[in-house]
Every structure is written in C-alpha cells, then in structure tokens.
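So this block is run35.csv, CSV, N, CA and C atoms:
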```csv
chain,number,residue,atom,x,y,z
A,1,MET,N,0.8,-1.2,0.0
A,1,MET,CA,0.0,0.0,0.0
A,1,MET,C,0.9,1.2,0.0
A,2,LYS,N,0.4,2.3,-0.7
A,2,LYS,CA,1.2,3.5,-0.8
A,2,LYS,C,1.2,4.3,0.5
A,3,LYS,N,2.3,4.7,0.9
A,3,LYS,CA,2.4,5.5,2.1
A,3,LYS,C,1.9,6.9,1.8
A,4,PHE,N,1.4,7.6,2.8
A,4,PHE,CA,0.9,9.0,2.6
A,4,PHE,C,1.5,9.8,3.8
A,5,ASN,N,1.5,11.1,3.5
A,5,ASN,CA,2.0,12.0,4.5
A,5,ASN,C,0.8,12.6,5.3
A,6,GLU,N,0.8,12.4,6.6
A,6,GLU,CA,-0.3,12.8,7.4
A,6,GLU,C,-0.4,14.3,7.5
A,7,LYS,N,0.7,15.0,7.2
A,7,LYS,CA,0.7,16.5,7.3
A,7,LYS,C,0.2,17.2,6.1
A,8,THR,N,-0.1,16.5,5.1
A,8,THR,CA,-0.7,17.1,3.9
A,8,THR,C,-2.2,17.1,4.0
A,9,PHE,N,-2.8,17.9,3.1
A,9,PHE,CA,-4.3,18.0,3.1
A,9,PHE,C,-4.9,16.7,2.7
A,10,GLU,N,-4.3,16.0,1.7
A,10,GLU,CA,-4.8,14.7,1.3
A,10,GLU,C,-4.7,13.7,2.5
A,11,GLY,N,-3.6,13.8,3.2
A,11,GLY,CA,-3.4,12.9,4.3
A,11,GLY,C,-4.4,13.1,5.4
A,12,MET,N,-4.7,14.3,5.7
A,12,MET,CA,-5.8,14.6,6.7
A,12,MET,C,-7.1,14.1,6.3
A,13,ILE,N,-7.5,14.3,5.0
A,13,ILE,CA,-8.7,13.8,4.5
A,13,ILE,C,-8.8,12.2,4.6
A,14,PHE,N,-7.7,11.6,4.3
A,14,PHE,CA,-7.6,10.1,4.4
A,14,PHE,C,-7.8,9.7,5.8
A,15,ILE,N,-7.2,10.3,6.7
A,15,ILE,CA,-7.3,10.0,8.1
A,15,ILE,C,-8.8,10.1,8.6
A,16,LEU,N,-9.4,11.3,8.2
A,16,LEU,CA,-10.8,11.5,8.6
A,16,LEU,C,-11.7,10.5,8.0
A,17,GLN,N,-11.5,10.1,6.7
A,17,GLN,CA,-12.4,9.1,6.1
A,17,GLN,C,-12.2,7.8,6.7
A,18,LYS,N,-11.0,7.4,7.1
A,18,LYS,CA,-10.7,6.1,7.7
A,18,LYS,C,-11.4,6.1,9.1
A,19,TYR,N,-11.3,7.2,9.9
A,19,TYR,CA,-11.9,7.3,11.2
A,19,TYR,C,-13.4,7.1,11.1
A,20,TRP,N,-14.1,7.8,10.2
A,20,TRP,CA,-15.5,7.8,10.1
A,20,TRP,C,-16.0,6.4,9.5
A,21,SER,N,-15.2,5.8,8.7
A,21,SER,CA,-15.5,4.5,8.2
A,21,SER,C,-15.5,3.5,9.3
A,22,LYS,N,-14.6,3.6,10.2
A,22,LYS,CA,-14.6,2.7,11.4
A,22,LYS,C,-15.7,2.9,12.3
A,23,GLN,N,-16.3,4.1,12.3
A,23,GLN,CA,-17.5,4.4,13.1
A,23,GLN,C,-18.8,4.0,12.5
A,24,GLY,N,-18.7,3.4,11.3
A,24,GLY,CA,-19.9,2.8,10.6
A,24,GLY,C,-20.5,3.8,9.6
A,25,CYS,N,-19.8,4.8,9.2
A,25,CYS,CA,-20.4,5.8,8.3
A,25,CYS,C,-20.1,5.3,6.9
A,26,CYS,N,-21.0,5.7,6.0
A,26,CYS,CA,-20.8,5.5,4.6
A,26,CYS,C,-20.1,6.7,4.0
A,27,ILE,N,-18.9,6.5,3.4
A,27,ILE,CA,-18.1,7.6,3.0
A,27,ILE,C,-18.5,7.9,1.5
A,28,LEU,N,-19.0,9.1,1.3
A,28,LEU,CA,-19.4,9.6,0.0
A,28,LEU,C,-18.4,10.5,-0.6
A,29,GLN,N,-18.4,10.6,-1.9
A,29,GLN,CA,-17.5,11.5,-2.6
A,29,GLN,C,-18.2,12.8,-2.8
A,30,PRO,N,-17.5,13.9,-2.7
A,30,PRO,CA,-18.2,15.2,-2.9
A,30,PRO,C,-18.6,15.4,-4.3
A,31,ILE,N,-19.5,16.3,-4.5
A,31,ILE,CA,-20.0,16.7,-5.8
A,31,ILE,C,-19.6,18.1,-6.0
A,32,ASP,N,-19.4,18.5,-7.3
A,32,ASP,CA,-19.0,19.9,-7.6
A,32,ASP,C,-20.1,20.6,-8.2
A,33,THR,N,-21.1,21.0,-7.4
A,33,THR,CA,-22.2,21.8,-7.9
A,33,THR,C,-22.4,23.0,-6.9
A,34,GLU,N,-23.2,23.9,-7.3
A,34,GLU,CA,-23.4,25.1,-6.5
A,34,GLU,C,-24.5,24.7,-5.5
A,35,VAL,N,-24.2,24.4,-4.3
A,35,VAL,CA,-25.2,23.9,-3.3
A,35,VAL,C,-25.4,25.0,-2.2
A,36,GLY,N,-24.4,25.8,-2.0
A,36,GLY,CA,-24.6,26.8,-0.9
A,36,GLY,C,-24.3,26.3,0.5
A,37,ALA,N,-24.6,25.1,0.7
A,37,ALA,CA,-24.4,24.5,2.0
A,37,ALA,C,-24.1,23.0,1.8
A,38,GLY,N,-23.3,22.4,2.6
A,38,GLY,CA,-22.9,21.0,2.5
A,38,GLY,C,-24.1,20.1,2.7
A,39,THR,N,-25.1,20.6,3.5
A,39,THR,CA,-26.3,19.7,3.7
A,39,THR,C,-27.2,19.6,2.5
A,40,SER,N,-26.8,20.3,1.4
A,40,SER,CA,-27.6,20.1,0.2
A,40,SER,C,-27.1,19.1,-0.8
A,41,HIS,N,-26.2,18.2,-0.3
A,41,HIS,CA,-25.7,17.1,-1.1
A,41,HIS,C,-26.8,16.2,-1.4
A,42,PRO,N,-27.0,15.7,-2.6
A,42,PRO,CA,-28.2,14.9,-3.0
A,42,PRO,C,-28.4,13.7,-2.1
A,43,MET,N,-27.3,13.0,-1.7
A,43,MET,CA,-27.5,11.8,-0.9
A,43,MET,C,-28.0,12.2,0.5
A,44,THR,N,-27.6,13.3,1.0
A,44,THR,CA,-28.1,13.7,2.3
A,44,THR,C,-29.6,14.0,2.2
A,45,CYS,N,-30.0,14.7,1.2
A,45,CYS,CA,-31.4,15.0,1.0
A,45,CYS,C,-32.2,13.7,0.8
A,46,LEU,N,-31.7,12.8,-0.1
A,46,LEU,CA,-32.5,11.6,-0.4
A,46,LEU,C,-32.6,10.7,0.9
A,47,TYR,N,-31.5,10.6,1.7
A,47,TYR,CA,-31.5,9.8,2.9
A,47,TYR,C,-32.5,10.3,3.9
A,48,ALA,N,-32.7,11.7,3.9
A,48,ALA,CA,-33.6,12.3,4.9
A,48,ALA,C,-35.0,11.9,4.6
A,49,ILE,N,-35.4,11.5,3.4
A,49,ILE,CA,-36.7,11.2,3.0
A,49,ILE,C,-37.2,9.9,3.7
A,50,GLY,N,-36.3,8.9,3.7
A,50,GLY,CA,-36.7,7.6,4.2
A,50,GLY,C,-36.7,7.5,5.7
A,51,PRO,N,-37.3,6.5,6.3
A,51,PRO,CA,-37.3,6.3,7.7
A,51,PRO,C,-36.1,5.7,8.3
A,52,GLU,N,-35.2,5.1,7.5
A,52,GLU,CA,-34.0,4.4,8.0
A,52,GLU,C,-33.0,5.4,8.5
A,53,VAL,N,-32.2,5.0,9.5
A,53,VAL,CA,-31.2,5.8,10.0
A,53,VAL,C,-29.9,5.6,9.2
A,54,LYS,N,-29.3,6.6,8.7
A,54,LYS,CA,-28.1,6.5,7.8
A,54,LYS,C,-27.0,7.3,8.5
A,55,ASN,N,-25.8,6.8,8.4
A,55,ASN,CA,-24.6,7.5,8.9
A,55,ASN,C,-23.8,7.8,7.6
A,56,ILE,N,-23.6,9.1,7.4
A,56,ILE,CA,-22.9,9.5,6.2
A,56,ILE,C,-21.8,10.5,6.6
A,57,ALA,N,-20.6,10.3,5.9
A,57,ALA,CA,-19.5,11.2,6.1
A,57,ALA,C,-19.0,11.6,4.7
A,58,TYR,N,-18.8,12.9,4.5
A,58,TYR,CA,-18.2,13.4,3.3
A,58,TYR,C,-17.6,14.8,3.5
A,59,ILE,N,-16.7,15.1,2.7
A,59,ILE,CA,-16.1,16.5,2.7
A,59,ILE,C,-16.7,17.2,1.5
A,60,GLN,N,-17.4,18.3,1.7
A,60,GLN,CA,-18.1,19.0,0.7
A,60,GLN,C,-17.7,20.4,0.7
A,61,LEU,N,-17.2,20.9,-0.4
A,61,LEU,CA,-17.0,22.4,-0.5
A,61,LEU,C,-18.3,23.1,-0.6
A,62,SER,N,-18.4,24.3,-0.1
A,62,SER,CA,-19.6,25.0,-0.1
A,62,SER,C,-19.5,26.2,-1.1
A,63,ARG,N,-19.7,25.8,-2.4
A,63,ARG,CA,-19.6,26.8,-3.5
A,63,ARG,C,-21.0,27.4,-3.6
A,64,ARG,N,-21.1,28.7,-3.3
A,64,ARG,CA,-22.4,29.4,-3.4
A,64,ARG,C,-22.9,29.6,-4.8
A,65,PRO,N,-24.2,29.7,-5.0
A,65,PRO,CA,-24.7,30.0,-6.3
A,65,PRO,C,-24.3,31.4,-6.8
A,66,CYS,N,-24.4,31.6,-8.1
A,66,CYS,CA,-24.0,32.9,-8.6
A,66,CYS,C,-24.7,34.1,-8.0
A,67,ASP,N,-25.9,33.9,-7.6
A,67,ASP,CA,-26.7,35.0,-7.0
A,67,ASP,C,-26.6,34.8,-5.4
A,68,GLY,N,-25.5,34.4,-5.0
A,68,GLY,CA,-25.3,34.2,-3.5
A,68,GLY,C,-25.5,35.4,-2.7
A,69,ARG,N,-24.8,35.5,-1.6
A,69,ARG,CA,-25.0,36.5,-0.6
A,69,ARG,C,-25.0,37.9,-1.1
A,70,TYR,N,-24.1,38.2,-2.0
A,70,TYR,CA,-24.0,39.6,-2.5
A,70,TYR,C,-24.4,39.7,-3.9
A,71,GLY,N,-25.0,38.7,-4.5
A,71,GLY,CA,-25.4,38.8,-5.9
A,71,GLY,C,-26.7,39.6,-6.1
A,72,LYS,N,-26.9,40.0,-7.3
A,72,LYS,CA,-28.1,40.8,-7.7
A,72,LYS,C,-29.2,39.8,-8.1
A,73,HIS,N,-30.2,39.7,-7.3
A,73,HIS,CA,-31.3,38.8,-7.7
A,73,HIS,C,-32.6,39.5,-7.2
A,74,PRO,N,-33.6,39.5,-8.1
A,74,PRO,CA,-34.9,40.2,-7.7
A,74,PRO,C,-35.6,39.6,-6.5
A,75,ASN,N,-35.4,38.3,-6.2
A,75,ASN,CA,-36.2,37.7,-5.2
A,75,ASN,C,-35.5,37.7,-3.8
A,76,ARG,N,-34.3,38.4,-3.7
A,76,ARG,CA,-33.6,38.4,-2.5
A,76,ARG,C,-34.1,39.6,-1.6
A,77,LEU,N,-34.2,39.3,-0.3
A,77,LEU,CA,-34.8,40.4,0.6
A,77,LEU,C,-33.7,41.3,1.1
A,78,GLN,N,-32.4,40.9,1.1
A,78,GLN,CA,-31.4,41.6,1.8
A,78,GLN,C,-30.7,42.7,0.8
A,79,GLN,N,-31.4,43.2,-0.1
A,79,GLN,CA,-30.8,44.1,-1.1
A,79,GLN,C,-31.0,45.5,-0.6
```
Please lay out the structure from this file as structure tokens.
Amino acid sequence: MKKFNEKTFEGMIFILQKYWSKQGCCILQPIDTEVGAGTSHPMTCLYAIGPEVKNIAYIQLSRRPCDGRYGKHPNRLQQ
C-alpha cells in the first residue's frame, strides 16, 4: 500500500475518512455543484426522506450559487 504524508491536506482527509468509516459511516465522494451548504448534497437529501437511520460522512465544498449572498437577484430580501 502506498504511504501517505499525514501532514498534507490529502493525508488529513484520508485519516478522517478512515476514522468515520470505522465508526460505521458510509463515505461519500463530494460533488462539484453550487449547493450553498454542505447539507444540500443529493444523498443527504435523499436519505432524509426515508425512515431508515443513515450514517454519512463526506467532505463537501460550499460553493455558493452565482446569486449568492452579495449577488443581484430580484427575489432576495437583503438588497
């Protein structure tokens, strides 16, 4: 198995994924879409619909939509 450096960003992600996997979590890969919040990951939303308890762990960037906090949008109340 390839050795990794624990002090790098990739090494930290690997350690976190390994830890949560041992805790019984399903490790998901992040998606690159404008979600605004990590809780908008499709699998999180889909698992919330069903009655089963799911343990999910993933690293998700929070890339805001183009009309985010300081964007010009007619439906925003904070303008």
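Using all atoms listed in the file for every distance, the candidate list A:Tyr58, A:Asp32, A:Glu52, A:Lys3 yields A:Tyr58 as the residue closest to Gln17 (chain A).
Each of A:Met43, A:Thr33, A:Lys7, A:Cys26 was compared to Ala57 (chain A) using all atoms listed in the file, and A:Cys26 turns out to be the nearest.
CA of Leu46 (chain A) sits 15.5 Å away from atom C of Ile31 (chain A).
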Original post:
Please, what distance in Å, to one decimal, runs between atom C of Ile13 (chain A) and atom N of Thr44 (chain A)?
Top reply: 19.2 Å
Go ahead and fit an axis-aligned box to every listed atom of region 16-23 of chain A plus 3 Å each side, and pass me the centre and edge lengths in Å, one decimal, as JSON.
```
{"center_x": -14.1, "center_y": 7.1, "center_z": 9.6, "size_x": 15.4, "size_y": 14.8, "size_z": 13.0}
```
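Proximity ranking of A:Ile49, A:Pro42, A:Met12, A:Ile56 relative to Gly24 (chain A) places A:Ile56 first, based on only N, CA and C atoms.
Interatomic distance, atom N of Ala48 (chain A) to CA of Glu10 (chain A): 28.2 Å.
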